[in-house]
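Have a look at the structure below before the remarks.
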Amino acid sequence: MAVTSGQPRSEAVSAAASDQEQRRGQSRILGLVVLAAGLLLLREAIAEAGESGLTIDGPRLWPVVVTVGWLALAVVYLLQQVVVPAWVSRHEADEIPGARARWNWRTPAGLTAALVGYSLAVEHSGVGYVLATAAFFVVAARLLGSRRIGRDLVVGVTVPIVIYLGFTRLLDIPLPQGVIPL
Amino acid sequence: MNVFSDLLQGFDTVLSPENLLFAALGATLGTLIGVLPGIGPALTIALLLPLTFSMNDPTGAFIMFAGIYAGAMYGGSTTSILVNTPGESASVATAIEGYQMARRGRARTALATAAIGSFVAGTISIVLLTFVAEPVASVAVKFRASDYFALAILAMVSVTALVGRSLVRGLMSLFLGLFLGLVGIDQLTGQDRFAFGRLELLDGVDIVIVIVGLFAIGETLYVASRPGQIPEHVAPLEPAKGRFGWLSRDDWRRSFMPWIRGAGIGFPFGALPAGGAEIPTFLSYTYEKHRSKHKEEFGSGAIEGVAGPEAANNASFSGVLVPLLTLGIPTSATAGVLLAAFQIFNLQPGPQLFEKSPDLVWALIASLYIGNVILLALNLPLIRIWVKVLQIPRPVLYAGILVFATLGVYGISGSIFDVLVAYGIGIVGLFMRQHDFPLAPVILGVILGPMMEIQFRRALLVSDGDLSVFITRPLTLCLLLLGVVALVLPYVPRIVARTRGREAEKVAIGTED
C-alpha cells in the first residue's frame, strides 16, 4: 500500500494491517454465505433428483455435480480465509490493497432499494415508464452524489421521453404508458 | 463457389444504402456507449440488442452488430487513453501507455495510433478470418458430441485458469455461471431444474440478463461503494498538428510494425479455445517493450505500447469469431452476447451455419470490413464529441447506466421478474468485485455449461452409457489433456521459481470481461 505523504509510516502500516484484517473478516463472511447457498442448492438438487432418480445420462446428474463442486470450492475458499498456511502463496490468500476494505455500503444499498422501487413502479404503479424513470433518475443521481437537482430533472425527464418515443414509435417495443398521454 | 465469390456476394449484400446506414448507425452508437467508463463491448451489444428486435432480416441486424462492436472497441480505447478507465481487461494494456501519452500532451497521437492500428489489424485479421473460417467449419463437421464436450471443458478451464490471481476464485466464478446455466427446463427431457416453483425461471436465465447484471448494475454499485475512487479527470486534447491523421512521420514509423505484430499475435490467440484478448494484448505490450529502441519511454507514454496492444485487441476479436462461427463456441463475453443475438433470430452458429445461412455469414464478414472503414472515417474526426461524452458528470452517467441497464433487460424480456434477477446478479457482481472474483468465467459458465452437459449426455446416449468414450477417441482425449495443461500452465513459473528457491506469481491476465 502506498504511504500517503504527511502520514507517518508506522501509522500507515498499522492502518494497512487493520484493513487487511477487516478485509479477511469480510471474506470469511462471504465464504460462509457461499457455503450456505451451496448447501441449499445441493439440497434442492438432491430433492429434484429424488423425483426421477440419478442416472449418468439423465437431467439430474449435473445439478448435483455442479452444487457439489460449488460446495467443495466454498470450503477451500473459507479455509483459505481462516487458516492461511505457509504453503499458500500470499497471492492465493487475500493480499488486496487495504483501501478496498473500507467501502461505503449505504450508497449501493440505497441504489438497490431505488432500483427495486423503480422496477415495481414501472409495471405495477400505473404511473408509466416516463414518470417512474424520471423519478428514479433524480433519486439515483442524488444518491450518487449529485447536488444539481435542476440539471438532474431536465436530464431525467428528457431521457425517458426520448427512450419511450424511440421504443414505442420506432422500434415497436411496448413500454408502460401510464398517466402521461404520449 | 470459392471464398472470393462468397465474399463478393457478402459485399453485394452489405453495400446497399440501407445496410450501410445500419453499419454507420451501429458504429456511432457503439462508440457512444462504448466510450462510457466501465462499459465494454459485451455490455454495449447487450444494451443495444433491443434495437434489432423490430428487424425482420437478421442480415441488417448483424451488420449493425458488427458496427456496434467495432465502435465499442474504439470507444473503449478512447476511455482507456483519456480517463485511464478501461471498460474491459483487454484495454488495460492500452491504458498503461495511452494515458501516460495523454498526460504528456499526446492524446491525439495515442488515439490516432489506436484507431489506425485497430483498422490495420482489424483488416488483416478479417482477411485471415475470411480464409480460415470455412475450412475450420468443414473440419468441425466431423466433430462428435464427446469432442464438443471436451472443447467446452477446455475453453472454460483455460479462461478460468488465466483470468484473476486465484484459481479458487476463478473456479467459484465458473461454478456460479454453471449453476445459472442449469436454471430452467432441461433441453433434452423437458424437466425443470432450480426453478423453485417459479414459472418465470422455466425459460432459464438469459445471458443478456447475466451480462447486464454483472457488468452494468454490478459496476455501478461498485463505483457507488467507492466514492472518490473513480478518476473523473479527462485528459485534454492538444491542438491538432501533423499530417496523416495526427501522426508524425516518426509516429508512423514507430507504430507500423507493432500494428502488424499485434495483428499477428491477436488473431491466432483469439482463435484458440482459450479465446479472449487479454493474453495477446499483454503479450504484445511485453514484446514491444522488450523490442523497442525507446525502452526508457515505457511507463511514461511509449507509442509502441499503445499501437501493439490495440492492434492485438482488434485482431483477437476476428480470431474469436472462428470458434464462434465454426463451432458455435463463444470464448469471450462479447462472443457470448453475439451468440445470444444469433439465437434471437433462430440461428445457431456452428459447422452447419456456413451451409444453411451462407448469405448471412458472408454478409457478416463483409460488414466487418465495412465497419472498420466507417469507424476510421467517422470517429477520428468526431473525437471531440466522444470527449464531451466522457465529460458527463459521474452521478448523471451512472444513473443513466442504471436506466439503460433496466431498459435493456425489460426491452428483451418484457418481464419485471427478469429485471429483478438482473439486479440480484448485479449485487452478486458487487461482492465479486469487492473480493476480486473474475467475472469472465461466470459468462462462460452460463453459455458453455449447458452445451457441455448436452454434449456429455449425447455422447453417452451414442455410446450406450459407456464413459470410456471420453478417453478412447483420440481427439476428445487430446482436448481433455489440453484442459489439464491449461489448468497447470499458469502455475509453472511459480513451481519453477520455487524449485530454484525464488518467489514468483501465478500468471494472471486481467480480471474483467
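Residues in the C-alpha cells are numbered from 1 in each chain, the chains being A, B, ... in the order shown, and ligands are numbered from 1 in the order shown.
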
- Task: May I have the residues within 8 Å of Gly483 in chain B as a PyMOL selection string, using only C-alpha atoms and disregarding those fewer than 6 positions away in the same chain?
- Result: chain B and resi 153-155+157-158

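Here the strand (DSSP E or B) residues in range 100-205 of chain B, by DSSP on the backbone, are Gly184, Ile185, Asp192 and Arg193 of chain B.
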
Report as JSON lines: every residue of chain B with an atom at most 7 Å from chain A, its closest pair of atoms, and their distance in Å to one decimal, counting only C-alpha atoms, with rows sorted by chain and ascending residue number.
```
{"residue": "B:Leu51", "atom": "CA", "partner": "A:Leu171", "partner_atom": "CA", "distance": 6.6}
{"residue": "B:Ser54", "atom": "CA", "partner": "A:Leu171", "partner_atom": "CA", "distance": 5.5}
{"residue": "B:Arg165", "atom": "CA", "partner": "A:His91", "partner_atom": "CA", "distance": 6.8}
{"residue": "B:Ser166", "atom": "CA", "partner": "A:Glu92", "partner_atom": "CA", "distance": 5.4}
{"residue": "B:Val168", "atom": "CA", "partner": "A:Leu73", "partner_atom": "CA", "distance": 6.6}
{"residue": "B:Met172", "atom": "CA", "partner": "A:Leu73", "partner_atom": "CA", "distance": 6.3}
{"residue": "B:Phe175", "atom": "CA", "partner": "A:Trp70", "partner_atom": "CA", "distance": 6.0}
{"residue": "B:Leu178", "atom": "CA", "partner": "A:Val66", "partner_atom": "CA", "distance": 6.9}
{"residue": "B:Phe179", "atom": "CA", "partner": "A:Val66", "partner_atom": "CA", "distance": 6.6}
{"residue": "B:Leu182", "atom": "CA", "partner": "A:Pro63", "partner_atom": "CA", "distance": 6.9}
{"residue": "B:Asp186", "atom": "CA", "partner": "A:Pro59", "partner_atom": "CA", "distance": 6.5}
{"residue": "B:Leu221", "atom": "CA", "partner": "A:Pro108", "partner_atom": "CA", "distance": 5.0}
{"residue": "B:Ala224", "atom": "CA", "partner": "A:Pro108", "partner_atom": "CA", "distance": 5.7}
{"residue": "B:Ser225", "atom": "CA", "partner": "A:Asn104", "partner_atom": "CA", "distance": 4.7}
{"residue": "B:Arg226", "atom": "CA", "partner": "A:Trp103", "partner_atom": "CA", "distance": 5.7}
{"residue": "B:Pro395", "atom": "CA", "partner": "A:Ala141", "partner_atom": "CA", "distance": 4.8}
{"residue": "B:Val396", "atom": "CA", "partner": "A:Ala141", "partner_atom": "CA", "distance": 5.6}
{"residue": "B:Ala399", "atom": "CA", "partner": "A:Ala141", "partner_atom": "CA", "distance": 5.4}
{"residue": "B:Gly411", "atom": "CA", "partner": "A:Ile173", "partner_atom": "CA", "distance": 7.0}
{"residue": "B:Ile416", "atom": "CA", "partner": "A:Ser119", "partner_atom": "CA", "distance": 6.4}
{"residue": "B:Leu420", "atom": "CA", "partner": "A:Val116", "partner_atom": "CA", "distance": 7.0}
{"residue": "B:Arg457", "atom": "CA", "partner": "A:Asp57", "partner_atom": "CA", "distance": 4.9}
{"residue": "B:Leu460", "atom": "CA", "partner": "A:Asp57", "partner_atom": "CA", "distance": 6.3}
```

Using the selection just defined, write its residues with C-alpha atoms as a PDB file, in the first residue's frame.
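Dumped to out_2.pdb:
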```pdb
ATOM      1  CA  LEU B  51     -32.749  -2.096 -31.232  1.00  0.00           C
ATOM      2  CA  SER B  54     -38.130  -4.962 -34.885  1.00  0.00           C
ATOM      3  CA  ARG B 165      -4.955 -14.161  -9.474  1.00  0.00           C
ATOM      4  CA  SER B 166      -6.590 -17.052  -7.685  1.00  0.00           C
ATOM      5  CA  VAL B 168     -10.106 -20.981  -6.448  1.00  0.00           C
ATOM      6  CA  MET B 172     -16.016 -20.334  -7.922  1.00  0.00           C
ATOM      7  CA  PHE B 175     -19.422 -22.696 -10.935  1.00  0.00           C
ATOM      8  CA  LEU B 178     -22.601 -23.267 -14.443  1.00  0.00           C
ATOM      9  CA  PHE B 179     -25.373 -23.043 -11.846  1.00  0.00           C
ATOM     10  CA  LEU B 182     -28.686 -25.059 -15.292  1.00  0.00           C
ATOM     11  CA  ASP B 186     -33.731 -29.341 -19.425  1.00  0.00           C
ATOM     12  CA  LEU B 221     -22.960  -0.449  -7.413  1.00  0.00           C
ATOM     13  CA  ALA B 224     -21.103   3.777  -5.661  1.00  0.00           C
ATOM     14  CA  SER B 225     -19.394   1.793  -2.923  1.00  0.00           C
ATOM     15  CA  ARG B 226     -16.099   3.565  -3.513  1.00  0.00           C
ATOM     16  CA  PRO B 395     -23.729  10.841 -10.991  1.00  0.00           C
ATOM     17  CA  VAL B 396     -25.656  11.565 -14.218  1.00  0.00           C
ATOM     18  CA  ALA B 399     -27.800   6.972 -13.056  1.00  0.00           C
ATOM     19  CA  GLY B 411     -36.829  -4.492 -23.561  1.00  0.00           C
ATOM     20  CA  ILE B 416     -40.020  -7.177 -14.294  1.00  0.00           C
ATOM     21  CA  LEU B 420     -35.153  -8.098 -10.561  1.00  0.00           C
ATOM     22  CA  ARG B 457     -25.293 -36.761 -22.407  1.00  0.00           C
ATOM     23  CA  LEU B 460     -23.299 -41.233 -23.538  1.00  0.00           C
TER      24      LEU B 460
END
```

- Task: Mind checking which residues fall within 9 Å of Leu407 in chain B, counting only C-alpha atoms, ignoring those fewer than 3 positions away in the same chain, and posting them as a list in words?
- Result: Ile163 of chain A; Leu47, Pro50, Leu402, Val403, Phe404, Tyr410, Gly411, Ile412 and Val419 of chain B

Now that the selection is made, can you save its residues with N, CA and C atoms as an mmCIF file, in the first residue's frame?
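Written out: part-v7.cif:
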```cif
data_model
loop_
_atom_site.group_PDB
_atom_site.id
_atom_site.type_symbol
_atom_site.label_atom_id
_atom_site.label_comp_id
_atom_site.auth_asym_id
_atom_site.auth_seq_id
_atom_site.Cartn_x
_atom_site.Cartn_y
_atom_site.Cartn_z
ATOM 1 N N ILE A 163 -36.464 7.895 -24.934
ATOM 2 C CA ILE A 163 -36.462 6.419 -24.952
ATOM 3 C C ILE A 163 -37.869 5.905 -25.260
ATOM 4 N N LEU B 47 -26.794 -4.084 -24.298
ATOM 5 C CA LEU B 47 -27.722 -2.962 -24.088
ATOM 6 C C LEU B 47 -28.418 -2.553 -25.382
ATOM 7 N N PRO B 50 -32.019 -4.720 -27.984
ATOM 8 C CA PRO B 50 -33.432 -4.445 -28.300
ATOM 9 C C PRO B 50 -33.626 -3.645 -29.591
ATOM 10 N N LEU B 402 -27.838 2.879 -15.126
ATOM 11 C CA LEU B 402 -28.857 2.046 -14.463
ATOM 12 C C LEU B 402 -30.173 2.067 -15.238
ATOM 13 N N VAL B 403 -30.533 3.253 -15.756
ATOM 14 C CA VAL B 403 -31.769 3.356 -16.544
ATOM 15 C C VAL B 403 -31.661 2.479 -17.804
ATOM 16 N N PHE B 404 -30.530 2.586 -18.504
ATOM 17 C CA PHE B 404 -30.367 1.812 -19.737
ATOM 18 C C PHE B 404 -30.239 0.311 -19.455
ATOM 19 N N TYR B 410 -35.580 -5.167 -19.650
ATOM 20 C CA TYR B 410 -37.036 -5.077 -19.818
ATOM 21 C C TYR B 410 -37.396 -5.134 -21.303
ATOM 22 N N GLY B 411 -36.574 -4.490 -22.120
ATOM 23 C CA GLY B 411 -36.829 -4.492 -23.561
ATOM 24 C C GLY B 411 -36.743 -5.890 -24.154
ATOM 25 N N ILE B 412 -35.847 -6.718 -23.623
ATOM 26 C CA ILE B 412 -35.674 -8.075 -24.153
ATOM 27 C C ILE B 412 -36.775 -9.005 -23.670
ATOM 28 N N VAL B 419 -35.923 -8.347 -14.663
ATOM 29 C CA VAL B 419 -35.197 -7.135 -14.241
ATOM 30 C C VAL B 419 -34.693 -7.323 -12.810
#
```

- Query: Hey, can you check how far CA of Arg108 in chain B sits from CA of Ala23 in chain B?
  - Reply: 25.0 Å

- What does the distance between CA of Gly270 in chain B and CA of Ala70 in chain B come to in Å, to one decimal place?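 These atoms are spaced 15.7 Å apart.
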
- Query: Which distance in Å separates CA of Ala377 in chain B and CA of Ala24 in chain B, to one decimal?
  - Reply: 10.1 Å

- Of the candidates B:Ser77, B:Ser300, B:Ser5, B:Thr189, which shows the shortest atom-to-atom distance to Gln100 in chain B, using only C-alpha atoms?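 Smallest distance to Gln100 in chain B is found for B:Ser300.
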
- Those in range 270-466 of chain B with helix (DSSP H, G or I) from DSSP, as a count of residues only: 151

- So which residues touch Phe62 in chain B within 12 Å, counting only C-alpha atoms, skipping near sequence neighbours fewer than 3 positions away, as an MDAnalysis selection string? chainID B and resid 13:14 19:20 22:23 26 45 48:49 51:53 55:59 65:69 337:345 347 359:368 371
